[in-house]
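Below you'll find the structure, written out as structure tokens, and then a few comments.
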Amino acid sequence: MINVTINGCHIQVPKETTILEAAEKCGAHIPTLCHMNLGELGIVNQSSSCRVCMVEVAGRPALVPSCSEKVTEGMVITTDSLRSITARRMSVELLLSNHPKECLTCAKNLECELQSLAQELGIREIKWEGERLDYPKDQSSYSLVKDPNKCVMCRRCETMCNDVQTCGILSAVNRGFGAFVGPAFNMDMADTSCTFCGQCVAVCPTAALTEVNNTHLVWRELNNKNRHVVVQVAPAIRVAIGEMFHMAPGEITTGKIAAALRRLGFDGVFDTDFAADLTIMEEASELVHRIQHQGTLPMLTSCCPAWVKFFEHQFPDMLDIPSTCKSPQVMFGAIAKTYYAEKKQINPHDITVVSIMPCLAKKAEAKRPEFTKEEDSNVDIVITTREFAQMMKEAGIDFANLEDQPFDSMMGESTGASVIFGTTGGVIEAAARTAYEWITGDTLENVEFKALRGLEGIREATITIGDMDLRIGIAHELGNARKLLEDIRDGKSSFHAIEIMACPGGCIGGGGQPYHHGNMEIIKKRQEAIYREDQGKAKRKSHENEEVLRLYEEYLGKPYGEKAHDLLHTHYIAREKI
Amino acid sequence: MSQPVLQTSKNQAEVASLPQEHYETLETYINSLKDKKGSLIHVLHKAQELFGYLPPEVQLFIARKLDIPGAKVFGVVSFYSYFTTKPVGKHKISVCMGTACFVRGAEKIVDAFKNELGVQNGETTPDGLFTLKDVRCIGACGLAPVVFLDDQVFGHVTVDGVKEILKKYRKGNENAY
């Protein structure tokens with residue numbers, strides 16, 4: 001242990017503790033901007049570039065950045081001296097001197113960490129009006145908008161893109177005043193190997209990286225009397241959206257979501273969970289088929305569109321490994337415009353499918369040419385959890401006090417298995433529950449496969465199903481996925497099935513979720529809530545979903561059959577790595 | 001979602017005709033390196049020595065050979081002013097913008113070159129004869145304002161002198177027009 005004195009408070013802290021961490025133990029809050037620590041998920045940004053967390057250390061002539069400086073024996077630190085407070089304020093004032101001050105209309109208004117810092121430090125005037133950058137905005141993709149003029153060079157996005165996701169799309173470009181973070185050769189983001197996972201957006205402290213906002217498109221459809229507008233909402237949203245209405249992280253709001261969507265005027269209020277159960281019917285069938293017919297193993301899940309785009313760019317030689325199942329979002333759209341349209345006797349061309357997703361990659365996924373049929377997309381408009389909350393605020397919906405309502409029938413029923421799709425480990429657990437009963441013919445009494453749960457980046461478990469040991473691998477964050485894929489390529493992998501989700505924690509930590517601002521507790525609370533929702537469900541196995549079973553009976557025929565293949569399966573494209 | 005395509009650069013014609021043997025020399029050089037990922041700067045120097053400049057295609061070639069992201073290579077190339085992504089002319093004009101030269105009117109000299117050549121700083125004339133670039137102090141302050149043309153030093157340069165200098169270098173290059 002190391003003895004340090006911080007603002008007169010004597011404490012002992014373990015070796016390798018930073019001044020910032022030690023100060024927190026003394027109750028001394030030091031403001032930060034570039035710093036981010038989600039250490040439990042392997043995500044740490046310690047670029048020390050913003051110079052906001054400067055403190056005084058006795059015997060050192062210059063101030064030191066507390067976020068990266070480690071404590072040493074006998075260190076005497078002052079965090080609240082006039083000198084450090086003045087230096088901090090000047091750092092922020094200089095950041096503001098060339099920052100576009102359009103806060104009132106900025107996409108990050110009230111969510112911006114630079115804005116809160118200016119508030120926290122009591123900055124009431126911009127002392128210096130500096131020269132501004134004038135780089136073009138990149139709006140080339142369906143998922144994200146990049147505005148280099150709002151970049152503060154914190155390098156968080158670079159850490160996510162390079163160290164965590166290992167995509168290597170974003171790098172610091174140019175030097176000095178003109179420096180910003182961008183892709184190779186100033187290419188459009190749409191032309192790079194970006195997976196659109198949106199984790200750069202999730203961690204950007206300002207509006208240098210934001211989502212493509214589609215709310216106006218949804219309003220337009222809702223107000224068009226000739227359109228039949230149906231909506232689906234993904235599992236991870238019900239445990240997160242409350243945060244945007246001052247509810248505690250991890251509050252389950254499923255019933256309120258259905259009520260709010262009905263209030264907004266959707267003609268059909270449905271649940272992506274229904275499609276998740278449908279996905280399990282197809283995916284578990286495919287897995288059983290591959291195992292029984294000596295097919296390619298391991299089989300990898302394909303629900304996550306960022307993961308799909310990742311392997312298309314990074315492992316184009318291994319396109320036969322992932323499941324051919326479309327993602328639940330796209331399956332839902334395909335069923336809405338065929339089965340649902342037929343049942344309701346609505347022309348599919350008159351149906352608009354809106355998805356509410358915790359994800360930015362889902363926006364790009366919906367536009368993939370494979371997912372259009374007769375010029376109609378399976379899914380027409382995708383908005384994120386944040387955009388959905390924005391729409392409710394615009395409409396004056398008091399979300400926190402809404403009475404619970406159910407989803408509409410036909411595509412609204414769901415089991416506990418589909419709820420857990422929202423977290424890392426959930427898809428494969430759902431598949432295991434179904435595969436177990438299908439392979440053994442027995443009833444699975446304890447449906448909770450605890451070995452598959454958790455937040456470690458890579459997890460492995462063996463599940464005994466009858467006389468077979470099913471070896472399962474799980475990875476979240478694409479850097480971890482890369483490790484599993486390299487093992488497969490090198491012939492070192494012995495898994496039967498692998499689940500991969502691109503975002504930390506899975507969809508609960510998605511790029512479209514309410515901003516967590518680096519608070520790990522929020523992600524944990526969302527995960528706990530997902531499992532709580534599963535526990536509360538009467539049915540917890542996908543193959544018990546009666547609406548899904550009716551869909552097969554009345555329309556699709558057999559799982560993994562011909563019609564199911566046509567509507568619910570896809571293929572992958574080898575793409576260039578840049 | 002189409003196959004990713006490299007943004008086409010202005011110099012696509014030149015890019016298309018980049019000599020294959022330079023790529024081969026570069027690859028041999030890269031293969032001879034022990035620590036590939038840590039040798040980016042050396043590889044970029046070698047590549048610029050071979051090709052004369054570092055267009056996206058060459059940067060991407062390097063990225064793939066070193067197994068690092070293209071964005072990383074571009075980040076380094078854009079950071080160091082030594083590296084250039086555009087073809088360089090036959091003659092390189094470096095106008096010193098150090099303090100001494102600056103106070104003695106280096107800015108006017110740069111403007112005179114810009115006017116005479118019809119290019120901006122860092123650009124190359126369409127005939128490929130001259131590249132204009134301002135540089136930091138070159139340590140010849142006694143001769144301020146100073147212009148370097150390739151390895152020739154011109155001291156006490158005046159606006160009228162600019163024309164004279166260019167005339168000298170254009171001579172014997174008439175075929176270039």
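The chains in the structure tokens are called A, B, ... from first to last as shown; in each chain the residues are counted from 1, and the ligands are counted from 1 in the order shown.
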Which residues are close to A:Met331, i.e. within 9 Å by only C-alpha atoms, leaving aside same-chain residues fewer than 6 positions away? Reply as a count of residues only. 9
Using 9 Å as the limit and counting only C-alpha atoms, can you tabulate each residue of chain A that touches chain B, with its shortest atom-to-atom distance in Å and the two atoms involved, as CSV?
```
residue,atom,partner,partner_atom,distance
A:Asn162,CA,B:Pro69,CA,8.7
A:Cys167,CA,B:Pro69,CA,7.7
A:Gly168,CA,B:Pro69,CA,5.1
A:Ile169,CA,B:Ala71,CA,5.8
A:Leu170,CA,B:Ala71,CA,6.1
A:Ser171,CA,B:Ala71,CA,5.4
A:Ala172,CA,B:Gly75,CA,5.5
A:Val173,CA,B:Gly75,CA,4.6
A:Asn174,CA,B:Phe79,CA,4.7
A:Arg175,CA,B:Phe79,CA,5.2
A:Gly176,CA,B:Phe79,CA,8.8
A:Ala179,CA,B:Phe79,CA,8.6
A:Val181,CA,B:Gly75,CA,8.9
A:Gly182,CA,B:Ala71,CA,7.7
A:Pro183,CA,B:Ala71,CA,5.3
A:Ala184,CA,B:Ala71,CA,3.8
A:Phe185,CA,B:Phe74,CA,6.1
A:Asn186,CA,B:Gln7,CA,8.5
A:Met187,CA,B:Gln7,CA,6.1
A:Asp188,CA,B:Gln7,CA,8.0
A:Ala190,CA,B:Pro4,CA,7.9
A:Asp191,CA,B:Pro4,CA,4.8
A:Thr192,CA,B:Pro4,CA,6.2
A:Ser193,CA,B:Pro4,CA,7.4
A:Ala364,CA,B:Met1,CA,8.4
A:Lys367,CA,B:Met1,CA,7.4
A:Arg368,CA,B:Met1,CA,5.7
A:Pro369,CA,B:Met1,CA,6.7
A:Ile573,CA,B:Gln3,CA,8.7
A:Ala574,CA,B:Gln3,CA,8.4
A:Arg575,CA,B:Gln3,CA,5.9
A:Glu576,CA,B:Pro4,CA,6.2
A:Lys577,CA,B:Pro4,CA,8.3
A:Ile578,CA,B:Gly70,CA,5.6
```
Write out as JSON lines a residue-level contact list of stretch 76-104 of chain B versus stretch 36-54 of chain B with cut-off 7 Å: for each qualifying residue the closest pair of atoms and the distance in Å to one decimal, counting only C-alpha atoms, rows sorted by chain and residue number upward.
```
{"residue": "B:Thr84", "atom": "CA", "partner": "B:Tyr53", "partner_atom": "CA", "distance": 5.3}
{"residue": "B:Thr85", "atom": "CA", "partner": "B:Leu54", "partner_atom": "CA", "distance": 4.5}
{"residue": "B:Lys86", "atom": "CA", "partner": "B:Tyr53", "partner_atom": "CA", "distance": 5.8}
{"residue": "B:Pro87", "atom": "CA", "partner": "B:Tyr53", "partner_atom": "CA", "distance": 5.4}
{"residue": "B:Val88", "atom": "CA", "partner": "B:Gly52", "partner_atom": "CA", "distance": 6.6}
```
Nearest residue to B:Leu117 from the set B:Thr131, B:Ser17, B:Ser94, B:Thr25 (distances using only C-alpha atoms):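 Under the stated criterion, the closest residue is B:Thr131.
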Counting only C-alpha atoms, which residue out of B:Val146, B:Val103, B:Phe61, B:Lys133 sits closest to B:Val119? B:Lys133
Apply DSSP to the backbone of this structure and, from chain B, keep only the residues in helix (DSSP H, G or I); write these as a ChimeraX atom specification. /B:12-16,20-31,37-51,56-66,70-79,99-103,106-117,141-143,159-170,174-176
Quick one: pick out all strand (DSSP E) residues within stretch 71-120 of chain B from a backbone DSSP run and write them as an MDAnalysis selection string. chainID B and resid 91:96
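Distance check against A:Thr384 using only C-alpha atoms: of A:Glu211, A:Glu251, A:Glu342, A:Glu102, the minimum falls on A:Glu211.
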